[in-house]
Amino acid sequence: MSHQIALNFEDGVTRFIAADVGETVADAAYRQGINIPLDCRDGACGTCKCFAEAGRYELGDEYIEDALSEEEAAQGYVLTCQMRAQSDCVVRVPVSSDVCRTQQTSYNAAISQIRQLSDSTLSLSIKGEALSKLAFLPGQYVNLQVPGSEQTRAYSFSSLQRDGEVSFLIRNVPGGLMSSFLTGLAKAGDSINLAGPLGSFYLREIRRPLLLLAGGTGLAPFTAMLERIAEQGSEHPLHLIYGVTNDHDLVEMERLQAFAASIPNFSFSACVANPDSGHPLKGYVTQHIEPQHLNAGDVDVYLCGPPAMVDGVSRYLAEQGIAPANFYYEKFAASAA
């Protein structure tokens, strides 16, 4: 039996390793070719100090206070030379992947399906035997290489990996390199390369209510997160506010309704910024945040959208005098040719 450990490096690269029962995380990493900073191996120097963001583990009592204080251990800091996983874990490593002599993994797959969800949004699914080994944290992204070019575009997973298949929501940008390929040249079976996973925007262990804020195709990481929550369940309330510019930008509404039916504590609303919209809820996401969604600050806020939206939500929280327990966000902007 082994546990899966996600090692998140400060440059955004994530690598997954398997740690056997009783094996330290440092030993497991070295066994799989990842050189986590290490010196003494005895819990005396603190060189391998990292932060455990999720999972159960034991540290034992073989390290000294100078290497890891009682207060640090209580906060979630660990010495990987002493850490033994008791479940799957997520560990933040405070150095770049290059320092640890590892890098993002590359995969080859084939296009399995392209769907035009609206004039502004495409759904891309890719599949391949290599992807059956792809692991990522819900919310993360990969770099997809645009076929026929050397350029890549970053897209968040909109689904979990199932039977070697993953999906993405892609904004249909006029003149966009990937958009032009998908709408004009692409067909099922075409080869496509990807590298990752990447990013520090991902679902953490749910310890309090969540407020999820999505702008446009920033909905993608949340549908992957909701798939994971549907599998694992949650005792805390979860609310998603999904904002778009125009009516035709609203996509995946049936999927969100299915999540609301299958996840007991989940609810969502969608709003359209265009004042001429025929949608029942108009305006920006901040206009539809209710006091109960913020839970007097005892809430984790996740936000994925364009820079203006991220800045607007930050201002709104400050104006309300609310400091969330955690505020995780991902900014994105469309790329033209």
# chains A, B, ... in the order shown; residues from 1 in each chain; ligands from 1

call {"tool": "select_by_dssp", "arguments": {"residues": "stretch 121-211 of chain A", "states": "alpha helix (DSSP H)", "output": "list in words"}}
result
Leu177, Met178, Ser179, Ser180, Phe181, Leu182, Thr183 and Gly184 of chain A

call {"tool": "residues_around", "arguments": {"residues": "A:Arg101", "least_positions_apart": "6", "cutoff": "9 Å", "atoms": "only C-alpha atoms", "output": "compact mmCIF listing (two decimals) with N, CA and C atoms, in the first residue's frame"}}
result
# COMPACT_ATOMS: atom_id res chain seq x y z
N GLY A 33 13.48 10.16 -7.98
CA GLY A 33 14.30 11.09 -8.75
C GLY A 33 14.06 12.55 -8.48
N ILE A 34 13.44 12.90 -7.34
CA ILE A 34 13.19 14.30 -7.01
C ILE A 34 14.00 14.65 -5.77
N ASN A 35 14.93 15.58 -5.92
CA ASN A 35 15.87 15.91 -4.84
C ASN A 35 15.35 17.05 -3.97
N ILE A 36 14.44 16.73 -3.07
CA ILE A 36 14.00 17.73 -2.09
C ILE A 36 15.22 18.18 -1.29

call {"tool": "atom_distance", "arguments": {"atom1": "atom CA of A:Leu219", "atom2": "atom CA of A:Ala6"}}
result
23.5 Å

call {"tool": "closest_atom_pairs", "arguments": {"of": "stretch 19-69 of chain A", "to": "stretch 195-209 of chain A", "cutoff": "10 Å", "atoms": "only C-alpha atoms", "output": "tab-separated table"}}
result
residue	atom	partner	partner_atom	distance
A:Glu53	CA	A:Arg204	CA	7.2
A:Ala54	CA	A:Glu205	CA	5.8
A:Gly55	CA	A:Glu205	CA	8.0

call {"tool": "write_last_selection", "arguments": {"atoms": "all heavy atoms", "output": "tab-separated table (two decimals), in the first residue's frame"}}
result
chain	number	residue	atom	x	y	z
A	53	GLU	N	-0.22	21.02	3.19
A	53	GLU	CA	-1.48	21.73	3.01
A	53	GLU	C	-2.68	20.81	3.20
A	53	GLU	O	-3.79	21.29	3.46
A	53	GLU	CB	-1.54	22.36	1.62
A	53	GLU	CG	-0.53	23.47	1.42
A	53	GLU	CD	-0.87	24.35	0.25
A	53	GLU	OE1	-1.20	23.79	-0.81
A	53	GLU	OE2	-0.79	25.58	0.39
A	54	ALA	N	-2.50	19.52	3.03
A	54	ALA	CA	-3.62	18.59	3.16
A	54	ALA	C	-3.09	17.21	3.46
A	54	ALA	O	-1.96	16.86	3.11
A	54	ALA	CB	-4.45	18.57	1.87
A	55	GLY	N	-3.93	16.42	4.12
A	55	GLY	CA	-3.59	15.03	4.38
A	55	GLY	C	-3.22	14.76	5.82
A	55	GLY	O	-2.98	15.67	6.62

call {"tool": "closest_residue", "arguments": {"among": "A:Gly215, A:Gly184, A:Gly12, A:Gly278", "to": "A:Gln140", "atoms": "only C-alpha atoms"}}
result
A:Gly12

call {"tool": "closest_residue", "arguments": {"among": "A:Thr80, A:Ser262, A:Gln86, A:Gln75", "to": "A:Cys48", "atoms": "only C-alpha atoms"}}
result
A:Thr80

call {"tool": "closest_atom_pairs", "arguments": {"of": "stretch 197-300 of chain A", "to": "stretch 121-132 of chain A", "cutoff": "8 Å", "atoms": "only C-alpha atoms", "output": "JSON lines"}}
result
{"residue": "A:Thr217", "atom": "CA", "partner": "A:Thr121", "partner_atom": "CA", "distance": 7.4}
{"residue": "A:Asp249", "atom": "CA", "partner": "A:Thr121", "partner_atom": "CA", "distance": 7.0}
{"residue": "A:Val251", "atom": "CA", "partner": "A:Thr121", "partner_atom": "CA", "distance": 7.6}

call {"tool": "residues_around", "arguments": {"residues": "A:Arg315", "least_positions_apart": "6", "cutoff": "10 Å", "atoms": "only C-alpha atoms", "output": "PyMOL selection string"}}
result
chain A and resi 286+309+321

call {"tool": "write_last_selection", "arguments": {"atoms": "N, CA and C atoms", "output": "mmCIF file, in the first residue's frame"}}
result
data_model
loop_
_atom_site.group_PDB
_atom_site.id
_atom_site.type_symbol
_atom_site.label_atom_id
_atom_site.label_comp_id
_atom_site.auth_asym_id
_atom_site.auth_seq_id
_atom_site.Cartn_x
_atom_site.Cartn_y
_atom_site.Cartn_z
ATOM 1 N N THR A 286 -19.970 40.570 -7.634
ATOM 2 C CA THR A 286 -19.968 41.214 -6.315
ATOM 3 C C THR A 286 -21.357 41.713 -5.911
ATOM 4 N N MET A 309 -11.741 41.449 -12.788
ATOM 5 C CA MET A 309 -12.658 40.803 -11.851
ATOM 6 C C MET A 309 -11.960 40.524 -10.524
ATOM 7 N N GLY A 321 -15.138 45.205 4.755
ATOM 8 C CA GLY A 321 -14.420 44.928 5.984
ATOM 9 C C GLY A 321 -14.282 43.444 6.271
#

call {"tool": "residues_around", "arguments": {"residues": "A:Gln320", "least_positions_apart": "3", "cutoff": "12 Å", "atoms": "only C-alpha atoms", "output": "list in words"}}
result
Thr286, Ile289, Glu290, Pro291, Leu294, Ala296, Gly297, Val313, Ser314, Arg315, Tyr316, Leu317, Ala323 and Pro324 of chain A

call {"tool": "write_last_selection", "arguments": {"atoms": "N, CA, C and O atoms", "output": "short mmCIF file (atom, residue, chain, number, x, y, z; two decimals), in the first residue's frame"}}
result
data_model
loop_
_atom_site.label_atom_id
_atom_site.label_comp_id
_atom_site.auth_asym_id
_atom_site.auth_seq_id
_atom_site.Cartn_x
_atom_site.Cartn_y
_atom_site.Cartn_z
N THR A 286 -19.97 40.57 -7.63
CA THR A 286 -19.97 41.21 -6.32
C THR A 286 -21.36 41.71 -5.91
O THR A 286 -21.64 41.86 -4.72
N ILE A 289 -23.18 38.69 -4.01
CA ILE A 289 -22.62 38.06 -2.82
C ILE A 289 -23.47 38.46 -1.62
O ILE A 289 -23.61 39.65 -1.32
N GLU A 290 -24.05 37.49 -0.95
CA GLU A 290 -24.90 37.75 0.22
C GLU A 290 -24.08 37.58 1.50
O GLU A 290 -23.06 36.87 1.52
N PRO A 291 -24.49 38.22 2.59
CA PRO A 291 -23.75 38.10 3.86
C PRO A 291 -23.51 36.66 4.28
O PRO A 291 -22.43 36.33 4.79
N LEU A 294 -20.37 35.02 2.93
CA LEU A 294 -19.09 35.43 3.52
C LEU A 294 -18.93 34.93 4.95
O LEU A 294 -17.81 34.94 5.48
N ALA A 296 -19.25 36.00 7.87
CA ALA A 296 -18.50 36.88 8.78
C ALA A 296 -16.98 36.69 8.67
O ALA A 296 -16.25 36.92 9.62
N GLY A 297 -16.52 36.27 7.49
CA GLY A 297 -15.09 36.11 7.26
C GLY A 297 -14.58 34.69 7.44
O GLY A 297 -13.47 34.37 7.00
N VAL A 313 -13.19 42.14 -6.98
CA VAL A 313 -13.59 41.35 -5.80
C VAL A 313 -12.72 41.72 -4.61
O VAL A 313 -13.21 41.84 -3.48
N SER A 314 -11.43 41.94 -4.83
CA SER A 314 -10.53 42.34 -3.74
C SER A 314 -11.00 43.66 -3.13
O SER A 314 -11.03 43.81 -1.90
N ARG A 315 -11.37 44.63 -3.99
CA ARG A 315 -11.86 45.91 -3.49
C ARG A 315 -13.17 45.73 -2.71
O ARG A 315 -13.36 46.33 -1.66
N TYR A 316 -14.04 44.89 -3.25
CA TYR A 316 -15.34 44.66 -2.61
C TYR A 316 -15.15 44.09 -1.20
O TYR A 316 -15.78 44.56 -0.24
N LEU A 317 -14.28 43.10 -1.04
CA LEU A 317 -14.06 42.51 0.27
C LEU A 317 -13.49 43.54 1.24
O LEU A 317 -13.89 43.58 2.42
N ALA A 323 -12.18 39.99 5.84
CA ALA A 323 -10.90 39.34 5.52
C ALA A 323 -11.15 37.83 5.57
O ALA A 323 -11.22 37.25 6.66
N PRO A 324 -11.31 37.18 4.41
CA PRO A 324 -11.59 35.74 4.41
C PRO A 324 -10.47 34.96 5.08
O PRO A 324 -9.31 35.41 5.10
#

call {"tool": "atom_distance", "arguments": {"atom1": "atom CA of A:Leu137", "atom2": "atom CA of A:Leu212"}}
result
16.4 Å

call {"tool": "residues_around", "arguments": {"residues": "stretch 180-182 of chain A", "least_positions_apart": "5", "cutoff": "10 Å", "atoms": "only C-alpha atoms", "output": "ChimeraX atom specification"}}
result
/A:111,114-116,122-124,146-148,170,172-175,187,336-337

call {"tool": "write_last_selection", "arguments": {"atoms": "N, CA, C and O atoms", "output": "short mmCIF file (atom, residue, chain, number, x, y, z; two decimals), in the first residue's frame"}}
result
data_model
loop_
_atom_site.label_atom_id
_atom_site.label_comp_id
_atom_site.auth_asym_id
_atom_site.auth_seq_id
_atom_site.Cartn_x
_atom_site.Cartn_y
_atom_site.Cartn_z
N ILE A 111 -7.10 14.42 -29.81
CA ILE A 111 -8.40 15.07 -29.64
C ILE A 111 -9.50 14.02 -29.73
O ILE A 111 -9.55 13.24 -30.69
N ILE A 114 -14.59 17.91 -29.82
CA ILE A 114 -14.67 19.37 -29.75
C ILE A 114 -16.14 19.75 -29.83
O ILE A 114 -16.85 19.34 -30.75
N ARG A 115 -16.61 20.50 -28.85
CA ARG A 115 -17.99 20.94 -28.85
C ARG A 115 -18.05 22.47 -28.78
O ARG A 115 -17.33 23.07 -27.99
N GLN A 116 -18.88 23.08 -29.60
CA GLN A 116 -19.07 24.53 -29.53
C GLN A 116 -20.24 24.76 -28.57
O GLN A 116 -21.40 24.58 -28.92
N LEU A 122 -15.72 27.03 -26.30
CA LEU A 122 -15.53 25.69 -26.83
C LEU A 122 -15.20 24.73 -25.69
O LEU A 122 -14.61 25.12 -24.69
N SER A 123 -15.59 23.49 -25.87
CA SER A 123 -15.19 22.43 -24.96
C SER A 123 -14.28 21.49 -25.74
O SER A 123 -14.66 20.99 -26.81
N LEU A 124 -13.08 21.26 -25.21
CA LEU A 124 -12.11 20.37 -25.85
C LEU A 124 -11.85 19.18 -24.93
O LEU A 124 -11.52 19.37 -23.76
N VAL A 146 -0.22 24.29 -29.37
CA VAL A 146 -1.10 24.47 -30.52
C VAL A 146 -0.53 23.66 -31.68
O VAL A 146 0.59 23.94 -32.13
N PRO A 147 -1.24 22.64 -32.18
CA PRO A 147 -0.71 21.83 -33.28
C PRO A 147 -0.31 22.68 -34.47
O PRO A 147 -0.99 23.65 -34.83
N GLY A 148 0.83 22.35 -35.04
CA GLY A 148 1.34 23.10 -36.18
C GLY A 148 2.16 24.31 -35.80
O GLY A 148 2.56 25.08 -36.67
N ILE A 170 -12.57 26.44 -23.38
CA ILE A 170 -11.67 27.34 -24.11
C ILE A 170 -12.48 28.49 -24.71
O ILE A 170 -13.48 28.26 -25.40
N ASN A 172 -13.45 31.14 -27.24
CA ASN A 172 -13.30 31.25 -28.69
C ASN A 172 -12.92 32.69 -29.04
O ASN A 172 -13.78 33.55 -29.20
N VAL A 173 -11.62 32.94 -29.11
CA VAL A 173 -11.10 34.29 -29.34
C VAL A 173 -10.92 34.53 -30.83
O VAL A 173 -10.18 33.78 -31.49
N PRO A 174 -11.57 35.52 -31.42
CA PRO A 174 -11.35 35.81 -32.84
C PRO A 174 -9.87 36.05 -33.11
O PRO A 174 -9.25 36.89 -32.48
N GLY A 175 -9.30 35.31 -34.03
CA GLY A 175 -7.89 35.44 -34.34
C GLY A 175 -6.98 34.71 -33.39
O GLY A 175 -5.76 34.70 -33.57
N LYS A 187 -9.70 18.04 -35.90
CA LYS A 187 -10.65 16.94 -36.02
C LYS A 187 -10.28 15.86 -35.01
O LYS A 187 -9.15 15.81 -34.51
N ALA A 336 -4.14 36.34 -28.30
CA ALA A 336 -4.44 36.38 -29.74
C ALA A 336 -3.33 35.65 -30.48
O ALA A 336 -2.41 35.09 -29.88
N ALA A 337 -3.43 35.66 -31.81
CA ALA A 337 -2.43 34.93 -32.61
C ALA A 337 -1.08 35.57 -32.46
O ALA A 337 -0.96 36.78 -32.26
#
